[in-house]
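J.: Below is the file data_14.cif, with mmCIF, C-alpha atoms.
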```cif
data_final
loop_
_atom_site.label_atom_id
_atom_site.label_comp_id
_atom_site.auth_asym_id
_atom_site.auth_seq_id
_atom_site.Cartn_x
_atom_site.Cartn_y
_atom_site.Cartn_z
CA MET T 255 122.37 167.83 139.33
CA LYS T 256 121.75 165.11 141.89
CA LYS T 257 118.17 165.30 143.12
CA PRO T 258 117.73 163.65 146.53
CA THR T 259 114.67 161.75 147.62
CA LEU T 260 112.55 162.66 150.64
CA GLU T 261 114.16 159.77 152.56
CA GLN T 262 117.62 161.07 151.78
CA MET T 263 116.82 164.65 152.78
CA LYS T 264 115.34 163.52 156.10
CA ALA T 265 118.34 161.27 156.71
CA TRP T 266 120.70 164.19 156.10
CA ARG T 267 118.81 166.33 158.59
CA ASP T 268 118.58 163.53 161.18
CA LYS T 269 122.32 162.80 160.99
CA ALA T 270 123.10 166.46 161.65
CA THR T 271 120.63 166.49 164.54
CA GLU T 272 122.22 163.38 166.05
CA ARG T 273 125.71 164.87 165.89
CA LEU T 274 124.59 168.17 167.38
CA SER T 275 122.63 166.40 170.13
CA VAL T 276 125.74 164.51 171.26
CA LEU T 277 127.60 167.81 171.58
CA ALA T 278 124.68 169.43 173.40
CA ARG T 279 124.48 166.62 175.95
CA ASN T 280 128.22 166.88 176.63
CA ASN T 281 127.72 170.62 177.08
CA ALA T 282 125.14 169.92 179.80
CA ILE T 283 127.92 168.18 181.73
CA GLU T 284 130.86 170.44 180.94
CA GLU T 285 128.86 173.69 180.80
CA PRO T 286 130.94 175.65 178.27
CA ILE T 287 127.94 177.93 177.64
CA GLU T 288 126.81 180.03 180.57
CA ILE T 289 123.31 181.39 180.91
CA GLY T 290 123.31 184.71 179.07
CA ASP T 291 125.92 183.63 176.53
CA GLU T 292 125.16 183.71 172.83
CA CYS T 293 124.97 180.27 171.23
CA TYR T 294 122.90 178.06 168.98
CA GLN T 295 119.66 176.58 170.25
CA LEU T 296 118.85 173.32 168.48
CA GLY T 297 115.10 173.58 168.81
CA ASP T 298 112.26 171.11 168.88
CA ASP T 299 113.88 168.96 166.19
CA CYS T 300 116.17 167.54 168.89
CA CYS T 301 113.35 166.60 171.26
CA LYS T 302 112.90 162.90 171.96
CA PRO T 303 110.61 160.97 174.35
CA ASP T 304 113.48 160.19 176.74
CA GLY T 305 114.13 163.85 177.47
CA TYR T 306 117.06 164.17 175.10
CA GLY T 307 115.58 167.44 173.89
CA GLN T 308 116.66 169.10 177.12
CA PHE T 309 120.14 169.19 175.63
CA ARG T 310 119.75 171.95 173.10
CA TRP T 311 122.67 174.37 173.49
CA VAL T 312 125.82 174.28 171.33
CA THR T 313 128.58 176.80 170.71
CA GLU T 314 129.13 178.48 167.36
CA ASP T 315 132.29 176.43 166.78
CA GLN T 316 130.43 173.21 167.54
CA PHE T 317 127.60 174.09 165.20
CA ASP T 318 130.06 174.99 162.47
CA SER T 319 132.00 171.76 163.00
CA VAL T 320 128.88 169.80 162.08
CA LEU T 321 127.37 172.22 159.57
CA PRO T 322 129.96 174.56 158.04
CA PRO T 323 128.76 178.10 157.31
CA GLY T 324 127.20 178.21 153.90
CA ILE T 325 124.87 175.83 152.19
CA GLU T 326 124.86 173.08 154.85
CA HIS T 327 124.27 175.61 157.62
CA ASP T 328 121.43 177.26 155.70
CA ARG T 329 119.85 173.95 154.72
CA TYR T 330 119.63 172.77 158.32
CA VAL T 331 118.30 176.07 159.64
CA THR T 332 115.66 176.07 156.89
CA MET T 333 114.61 172.47 157.36
CA THR T 334 114.29 172.67 161.15
CA ASN T 335 112.44 175.99 161.14
CA THR T 336 109.92 175.20 158.40
CA VAL T 337 106.36 174.24 159.25
CA GLY T 338 104.76 171.95 156.70
CA PHE T 339 107.82 169.99 155.67
CA ASP T 340 105.95 168.03 153.00
CA ASP T 341 104.94 171.19 151.16
CA GLU T 342 108.58 172.01 150.46
CA ILE T 343 109.87 168.60 149.35
CA GLU T 344 109.98 169.14 145.61
CA GLU T 345 111.40 172.64 145.85
CA TRP T 346 114.11 171.54 148.28
CA ALA T 347 115.06 168.57 146.11
CA ASP T 348 115.24 170.72 142.98
CA ASN T 349 117.53 173.23 144.73
CA TRP T 350 119.53 170.87 146.96
CA ASN T 351 122.92 172.13 145.77
CA ASP T 352 121.99 175.78 145.20
CA PRO T 353 123.61 177.94 147.94
CA GLU T 354 121.69 181.08 146.99
CA TYR T 355 118.37 179.28 147.32
CA TRP T 356 119.18 178.01 150.81
CA ASP T 357 120.52 181.38 151.93
CA ASP T 358 117.22 183.00 150.98
CA ALA T 359 115.18 180.12 152.41
CA ALA T 360 116.96 180.27 155.78
CA GLY T 361 116.36 183.99 156.06
CA GLU T 362 112.72 183.54 155.16
CA ALA T 363 112.19 180.70 157.65
CA LEU T 364 113.66 182.69 160.53
CA GLY T 365 112.04 185.92 159.39
CA GLU T 366 108.59 184.43 159.76
CA GLY T 367 109.25 184.20 163.49
CA GLN T 368 108.57 180.47 163.79
CA ALA T 369 111.96 179.57 165.27
CA ASP T 370 111.01 175.97 166.06
CA GLY T 371 114.41 174.70 165.01
CA ALA T 372 118.04 175.73 165.14
CA TYR T 373 118.91 179.39 165.38
CA TRP T 374 121.41 181.79 166.94
CA THR T 375 120.17 183.20 170.25
CA THR T 376 121.03 183.87 173.88
CA ARG T 377 120.83 181.04 176.36
CA ASP T 378 117.98 182.10 178.64
CA GLU T 379 117.57 178.80 180.50
CA ASP T 380 116.49 178.79 184.13
CA PRO T 381 119.34 177.59 186.40
CA SER T 382 117.11 174.87 187.85
CA ASP T 383 116.45 173.55 184.33
CA ALA T 384 120.19 173.54 183.67
CA ASN T 385 120.80 171.55 186.85
CA SER T 386 118.11 169.04 185.85
CA ALA T 387 119.58 168.67 182.38
CA ARG T 388 123.01 168.04 183.89
CA ALA T 389 121.66 165.30 186.16
CA LEU T 390 119.81 163.70 183.26
CA ALA T 391 122.92 163.81 181.07
CA ALA T 392 125.05 162.32 183.84
CA SER T 393 122.51 159.52 184.29
CA GLN T 394 122.38 158.70 180.58
CA ILE T 395 126.15 158.74 180.13
CA ALA T 396 126.72 156.56 183.20
CA LEU T 397 124.20 154.01 181.95
CA GLU T 398 125.83 153.93 178.52
CA LEU T 399 129.27 153.42 180.04
CA ASP T 400 127.93 150.67 182.30
CA GLY T 401 126.42 149.02 179.24
CA GLU T 402 129.94 148.91 177.82
CA HIS T 403 131.19 147.39 181.10
CA LEU T 404 133.34 150.42 181.87
CA ILE T 405 131.90 151.30 185.30
CA GLU T 406 134.11 149.55 187.85
CA ARG T 407 133.07 148.10 191.20
CA THR T 408 135.12 150.44 193.37
CA PRO T 409 134.52 151.63 196.95
CA GLU T 410 133.87 155.13 195.57
CA ASN T 411 131.22 153.91 193.16
CA ILE T 412 129.60 151.65 195.75
CA GLY T 413 129.42 154.58 198.17
CA LEU T 414 127.91 156.76 195.45
CA LEU T 415 125.20 154.19 194.72
CA HIS T 416 124.30 154.02 198.42
CA ASP T 417 124.12 157.82 198.60
CA ILE T 418 121.89 158.01 195.52
CA VAL T 419 119.50 155.49 197.05
CA ASP T 420 119.42 157.34 200.39
CA THR T 421 118.88 160.73 198.74
CA ILE T 422 116.10 159.64 196.41
CA HIS T 423 114.35 157.59 199.11
CA ASP T 424 114.40 160.59 201.43
CA THR T 425 112.75 162.57 198.64
CA ASP T 426 110.23 159.87 197.73
CA PRO T 427 109.73 157.47 200.68
CA GLU T 428 107.08 155.53 198.73
CA GLY T 429 109.35 154.95 195.72
CA ASP T 430 110.70 151.54 194.79
CA LEU T 431 114.30 152.67 195.16
CA GLY T 432 113.85 152.35 198.90
CA TYR T 433 114.01 148.58 198.49
CA TYR T 434 117.77 148.93 197.98
CA ARG T 435 118.44 151.02 201.08
CA ALA T 436 120.73 149.73 203.83
CA TRP T 437 119.60 150.87 207.27
CA PRO T 438 122.17 150.73 210.11
CA SER T 439 120.96 148.20 212.65
CA MET T 440 122.06 150.29 215.63
CA THR T 441 119.60 153.06 214.79
CA ALA T 442 116.88 151.06 213.02
CA ARG T 443 114.36 151.28 215.88
CA GLU T 444 114.70 155.08 215.96
CA THR T 445 114.54 155.54 212.18
CA ILE T 446 112.37 153.08 210.23
CA GLY T 447 110.88 151.71 213.46
CA GLU T 448 109.98 155.12 214.89
CA HIS T 449 106.23 154.67 214.49
CA LEU T 450 106.13 150.93 215.13
CA THR T 451 105.28 149.13 218.37
CA ASP T 452 107.63 146.60 219.90
CA GLY T 453 105.26 143.86 218.78
CA GLU T 454 105.27 145.07 215.17
CA ILE T 455 109.06 145.23 215.12
CA ALA T 456 109.25 141.72 216.61
CA GLU T 457 106.96 140.42 213.84
CA LYS T 458 108.99 142.09 211.07
CA THR T 459 112.18 140.69 212.62
CA MET T 460 110.77 137.18 212.89
CA TYR T 461 109.66 137.01 209.26
CA GLY T 462 112.71 138.84 207.86
CA GLY T 463 115.35 137.16 210.00
CA TRP T 464 117.06 140.35 211.15
CA ASN T 465 119.38 139.90 214.13
CA PRO T 466 120.74 143.25 215.40
CA ASP T 467 123.50 141.47 217.34
CA ARG T 468 124.75 139.85 214.14
CA ASP T 469 123.69 142.08 211.23
CA PRO T 470 125.19 145.58 210.90
CA TYR T 471 122.49 146.52 208.36
CA LEU T 472 118.97 145.64 207.38
CA ARG T 473 116.73 146.12 204.40
CA VAL T 474 112.96 146.16 204.29
CA ASN T 475 111.53 143.88 201.64
CA LYS T 476 108.26 144.35 199.76
CA ASP T 477 106.37 142.54 202.50
CA GLY T 478 107.71 145.02 205.05
CA ASP T 479 109.91 142.44 206.77
CA TRP T 480 113.29 143.41 208.20
CA VAL T 481 116.04 141.39 206.49
CA GLY T 482 119.52 141.43 208.02
CA MET T 483 122.55 142.21 205.85
CA SER T 484 126.31 142.27 206.19
CA GLN T 485 128.34 145.12 204.69
CA ASP T 486 129.19 142.92 201.68
CA GLU T 487 125.52 142.05 201.15
CA ALA T 488 124.49 145.70 201.37
CA ASP T 489 127.16 146.65 198.83
CA ARG T 490 126.22 143.80 196.51
CA LEU T 491 122.59 144.88 196.67
CA VAL T 492 123.27 148.32 195.24
CA TRP T 493 125.90 147.10 192.78
CA ASP T 494 123.64 144.42 191.35
CA ASN T 495 120.90 147.03 190.94
CA ARG T 496 123.13 149.87 189.70
CA LYS T 497 121.27 150.27 186.40
CA THR T 498 118.00 150.98 188.19
CA ILE T 499 119.76 153.32 190.62
CA LEU T 500 121.60 155.26 187.90
CA LYS T 501 118.41 155.54 185.85
CA ASN T 502 116.71 157.16 188.82
CA VAL T 503 119.32 159.93 188.82
CA GLY T 504 117.66 161.04 185.61
CA ALA T 505 114.14 160.25 186.75
CA TYR T 506 114.64 162.49 189.81
CA ALA T 507 116.79 165.04 187.97
CA ASP T 508 114.64 167.94 189.16
CA VAL T 509 115.55 167.28 192.80
CA MET T 510 119.04 165.84 192.42
CA PRO T 511 121.57 167.73 194.58
CA ALA T 512 124.41 169.29 192.60
CA ASP T 513 127.11 167.55 194.62
CA LEU T 514 125.59 164.14 193.89
CA THR T 515 125.32 164.96 190.19
CA ASN T 516 128.98 166.01 190.25
CA ARG T 517 129.94 162.62 191.67
CA VAL T 518 128.00 160.81 188.95
CA CYS T 519 129.85 162.94 186.39
CA VAL T 520 133.18 162.03 187.98
CA MET T 521 132.25 158.35 187.88
CA GLY T 522 131.59 158.70 184.17
CA GLU T 523 134.80 160.59 183.56
CA ARG T 524 136.85 157.92 185.31
CA ALA T 525 135.14 155.18 183.34
CA ALA T 526 135.70 156.87 179.99
CA ALA T 527 139.21 158.15 180.65
CA PRO T 528 141.24 154.94 180.08
CA THR T 529 139.87 154.30 176.59
CA PRO T 530 138.23 157.42 175.16
CA ALA T 531 136.01 156.52 172.25
CA PRO T 532 136.97 158.05 168.89
CA ASP T 533 134.62 160.67 167.52
CA PRO T 534 132.64 158.85 164.81
CA TRP T 535 131.80 162.14 163.16
CA ILE T 536 135.31 163.42 162.44
CA ASP T 537 135.77 164.21 158.76
CA VAL T 538 132.21 163.15 157.91
CA ASP T 539 130.99 164.71 154.66
CA MET T 540 127.31 165.37 155.33
CA ASP T 541 126.40 165.56 151.65
CA ALA T 542 128.27 162.32 150.98
CA LEU T 543 125.85 160.57 153.33
CA LEU T 544 123.19 161.02 150.68
CA GLU T 545 125.00 158.47 148.54
CA ASN T 546 124.37 155.74 151.12
CA VAL T 547 120.79 156.46 152.13
CA GLY T 548 117.71 155.19 150.39
CA PRO T 549 117.39 154.54 146.67
CA ALA T 550 120.30 155.27 144.40
CA LEU T 551 120.40 158.77 142.99
CA PRO T 552 119.84 159.14 139.23
CA ASP T 553 122.81 159.68 136.99
CA PRO T 554 123.69 163.31 136.19
CA GLU T 555 121.82 164.80 133.30
CA PRO T 556 123.81 164.90 130.05
CA GLY T 557 125.66 168.12 129.47
CA ILE T 558 125.67 169.19 133.13
CA ASP T 559 128.90 169.34 135.07
CA PRO T 560 128.65 166.72 137.83
CA ALA T 561 130.99 168.82 140.00
CA SER T 562 128.56 171.70 140.24
CA GLY T 563 127.14 172.84 143.06
CA THR T 564 120.11 143.04 186.32
CA ASN T 565 118.45 142.27 189.68
CA PRO T 566 119.81 139.02 191.34
CA MET T 567 118.98 139.91 194.99
CA GLY T 568 115.31 140.69 194.45
CA PRO T 569 113.60 143.96 195.24
CA GLY T 570 115.80 144.93 198.19
CA ILE T 571 115.01 147.65 200.67
CA GLY T 572 111.81 149.57 201.22
CA MET T 573 109.07 150.50 203.61
#
```
Represent the supplied structure as structure tokens.

T.:
Amino acid sequence: MKKPTLEQMKAWRDKATERLSVLARNNAIEEPIEIGDECYQLGDDCCKPDGYGQFRWVTEDQFDSVLPPGIEHDRYVTMTNTVGFDDEIEEWADNWNDPEYWDDAAGEALGEGQADGAYWTTRDEDPSDANSARALAASQIALELDGEHLIERTPENIGLLHDIVDTIHDTDPEGDLGYYRAWPSMTARETIGEHLTDGEIAEKTMYGGWNPDRDPYLRVNKDGDWVGMSQDEADRLVWDNRKTILKNVGAYADVMPADLTNRVCVMGERAAAPTPAPDPWIDVDMDALLENVGPALPDPEPGIDPASGTNPMGPGIGM
């Protein structure tokens, strides 16, 4: 019998978690599991510092596609629901290919009521949490696609970036995203200049170079000066800072309007549609991964059947 090392067992678990997490994040966008539906919760094992752990719901078919019912299913449930991982290392290694052992171990782990890992349950998520998770997923996916140079500079995407900036700056007027906001010159005195005197506006205009007769837009730099912009300059400002803007969709996920999140999702769908990436996990044999992780496994014992078991324009707009 092949006896895996601790490194190999952890790698097996982590690969399964990674595959399930990808499915769970896609589910946050596509929402195949409604609140109240039965499904698998992935548990704390999927939590990561960047908030990835918010994506924890997968369907039964998805769970089975990664971990087929039987020994692999029971192993993962046991390993993610067991407190004191190190105390079980030797026993798990000795019984790695024993389906009866893992069936009993999974039942025992869940029966103790710990349920810190993967288990079958009912999705009881608050709708506001679901909306936040969707915005976070949309933000992450858009950033990944942009990193692959798949997000195109289209009028729709430019308009979306402007709307994200406006929405977040309205929510957090002191936030840095306001540096990228384009204010219409024709209403600037009534909006950002509402509480300013004519002398203060004249000073900001002098230092920033804004000319309302020439510039259709303005931005407010970090010094508070009013800098004039053309439409092209305003568009280039948000495009050149799109990574920061898209990241803020996730940072402000709790207050992101659903319609804006939908538009970010559509942007991602359009970017991914022309060349959909192949699923790297198709036909992956989870147990076979043990062969390529960590130290080589010892040869089978004699007499035992081996078959067993960017920012080029500077800060931009702000108050």

J.: Atom CA of T:Tyr434 and atom CA of T:Arg473 are how many Å apart?

T.: 7.1 Å

J.: Give me the stretch 347-458 of chain T side of the contact with stretch 503-524 of chain T, cut-off 6 Å, one line per residue showing its nearest atom pair and distance in Å at one decimal, counting only C-alpha atoms, sorted by chain and residue number, as a tab-separated table.

T.:
```
residue	atom	partner	partner_atom	distance
T:Ser386	CA	T:Ala507	CA	4.7
T:Ala389	CA	T:Ala507	CA	5.2
T:Leu390	CA	T:Gly504	CA	4.1
T:Ala392	CA	T:Cys519	CA	5.5
T:Ser393	CA	T:Gly504	CA	5.3
T:Ala396	CA	T:Gly522	CA	5.4
```

J.: Considering all atoms listed in the file, can you say which of T:Met440, T:Ile283, T:Ala278, T:Leu500 comes closest to T:Leu397?

T.: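 The answer is T:Leu500, which sits nearest to T:Leu397.
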
J.: On this structure, which residues satisfy the PyMOL selection byres ((chain T and resi 439) around 12), written as a list in words?

T.: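 Those residues are Ala436, Trp437, Pro438, Met440, Thr441, Ala442, Arg443, Glu444, Thr445, Ile446, Gly447, Thr459, Trp464, Asn465, Pro466, Asp467, Arg468, Asp469, Pro470, Tyr471, Leu472, Arg473, Val474, Trp480, Val481, Gly482, Met483, Ser484 and Gln485 of chain T.
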
J.: Find the residue from T:Arg273, T:Arg377, T:Lys497, T:Lys257 that sits nearest to T:Leu415; use all atoms listed in the file when measuring.

T.: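 Residue with the minimum atom-to-atom distance to T:Leu415: T:Lys497.
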
J.: Kindly indicate which residue among T:Leu274, T:Ala347, T:Ala488, T:Ile287 lies nearest to T:Leu321, using all atoms listed in the file for the distances.

T.: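 Using all atoms listed in the file, the shortest distance to T:Leu321 belongs to T:Leu274.
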
J.: What does the distance from atom CA of T:Lys269 to atom CA of T:Asn385 come to in Å, to one decimal?

T.: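 So the two atoms, atom CA of T:Lys269 and atom CA of T:Asn385, lie 27.3 Å apart.
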
J.: If you measure from atom CA of T:Gly371 to atom CA of T:Thr334, what distance in Å do you get, rounded to one decimal?

T.: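 If I compute the distance from atom CA of T:Gly371 to atom CA of T:Thr334, I get 4.4 Å.
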
J.: For the file shown, what are the residues hit by the PyMOL selection byres ((chain T and resi 343) around 12), laid out as a ChimeraX atom specification?

T.: /T:257-264,333,336-342,344-350

J.: Name the closest residue to T:Pro381 among the candidates T:Asn475, T:Ile289, T:Asp352, T:Lys501; distances are taken between atoms, counting all atoms listed in the file.

T.: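 The shortest atom-to-atom distance to T:Pro381 comes from T:Ile289.
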
J.: Considering only C-alpha atoms, can you say which of T:Asp452, T:Asp370, T:Glu272, T:Glu379 comes closest to T:Val320?

T.: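 The answer is T:Glu272, which sits nearest to T:Val320.
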
J.: Given the file shown, determine the residues that the PyMOL selection byres ((chain T and resi 493) around 10) selects; report them as a PyMOL selection string.

T.: chain T and resi 406-408+411-413+415-416+434+487-492+494-499+564-565

J.: Quick one: stretch 265-284 of chain T with N, CA, C and O atoms, as a compact mmCIF listing (two decimals), in the frame of the given file?

T.:
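Saved result, selection_20.txt, follows:
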```txt
# COMPACT_ATOMS: atom_id res chain seq x y z
N ALA T 265 117.18 161.93 156.11
CA ALA T 265 118.34 161.27 156.71
C ALA T 265 119.47 162.26 156.91
O ALA T 265 120.18 162.22 157.92
N TRP T 266 119.67 163.16 155.97
CA TRP T 266 120.70 164.19 156.10
C TRP T 266 120.43 165.07 157.31
O TRP T 266 121.31 165.33 158.13
N ARG T 267 119.18 165.50 157.45
CA ARG T 267 118.81 166.33 158.59
C ARG T 267 118.97 165.56 159.91
O ARG T 267 119.50 166.09 160.90
N ASP T 268 118.53 164.31 159.94
CA ASP T 268 118.58 163.53 161.18
C ASP T 268 120.02 163.24 161.61
O ASP T 268 120.32 163.21 162.81
N LYS T 269 120.92 163.02 160.65
CA LYS T 269 122.32 162.80 160.99
C LYS T 269 122.92 164.05 161.62
O LYS T 269 123.67 163.98 162.60
N ALA T 270 122.60 165.21 161.07
CA ALA T 270 123.10 166.46 161.65
C ALA T 270 122.54 166.66 163.05
O ALA T 270 123.27 167.05 163.97
N THR T 271 121.26 166.36 163.23
CA THR T 271 120.63 166.49 164.54
C THR T 271 121.29 165.56 165.56
O THR T 271 121.55 165.94 166.70
N GLU T 272 121.58 164.35 165.15
CA GLU T 272 122.22 163.38 166.05
C GLU T 272 123.59 163.88 166.49
O GLU T 272 123.94 163.83 167.67
N ARG T 273 124.37 164.39 165.56
CA ARG T 273 125.71 164.87 165.89
C ARG T 273 125.65 166.08 166.82
O ARG T 273 126.40 166.18 167.79
N LEU T 274 124.74 166.99 166.54
CA LEU T 274 124.59 168.17 167.38
C LEU T 274 124.07 167.80 168.77
O LEU T 274 124.49 168.38 169.78
N SER T 275 123.19 166.81 168.85
CA SER T 275 122.63 166.40 170.13
C SER T 275 123.69 165.80 171.04
O SER T 275 123.66 166.00 172.26
N VAL T 276 124.64 165.07 170.47
CA VAL T 276 125.74 164.51 171.26
C VAL T 276 126.56 165.65 171.88
O VAL T 276 126.92 165.62 173.05
N LEU T 277 126.85 166.66 171.08
CA LEU T 277 127.60 167.81 171.58
C LEU T 277 126.81 168.55 172.65
O LEU T 277 127.37 168.97 173.67
N ALA T 278 125.51 168.70 172.44
CA ALA T 278 124.68 169.43 173.40
C ALA T 278 124.60 168.69 174.73
O ALA T 278 124.61 169.32 175.80
N ARG T 279 124.53 167.36 174.70
CA ARG T 279 124.48 166.62 175.95
C ARG T 279 125.81 166.74 176.70
O ARG T 279 125.83 166.90 177.92
N ASN T 280 126.92 166.67 175.99
CA ASN T 280 128.22 166.88 176.63
C ASN T 280 128.30 168.28 177.23
O ASN T 280 128.89 168.47 178.31
N ASN T 281 127.72 169.25 176.56
CA ASN T 281 127.72 170.62 177.08
C ASN T 281 126.95 170.72 178.39
O ASN T 281 127.29 171.54 179.25
N ALA T 282 125.91 169.91 178.55
CA ALA T 282 125.14 169.92 179.80
C ALA T 282 126.01 169.49 180.97
O ALA T 282 125.81 169.93 182.10
N ILE T 283 127.00 168.64 180.70
CA ILE T 283 127.92 168.18 181.73
C ILE T 283 129.04 169.20 181.94
O ILE T 283 129.34 169.61 183.06
N GLU T 284 129.67 169.60 180.86
CA GLU T 284 130.86 170.44 180.94
C GLU T 284 130.55 171.92 181.06
O GLU T 284 131.40 172.72 181.46
```
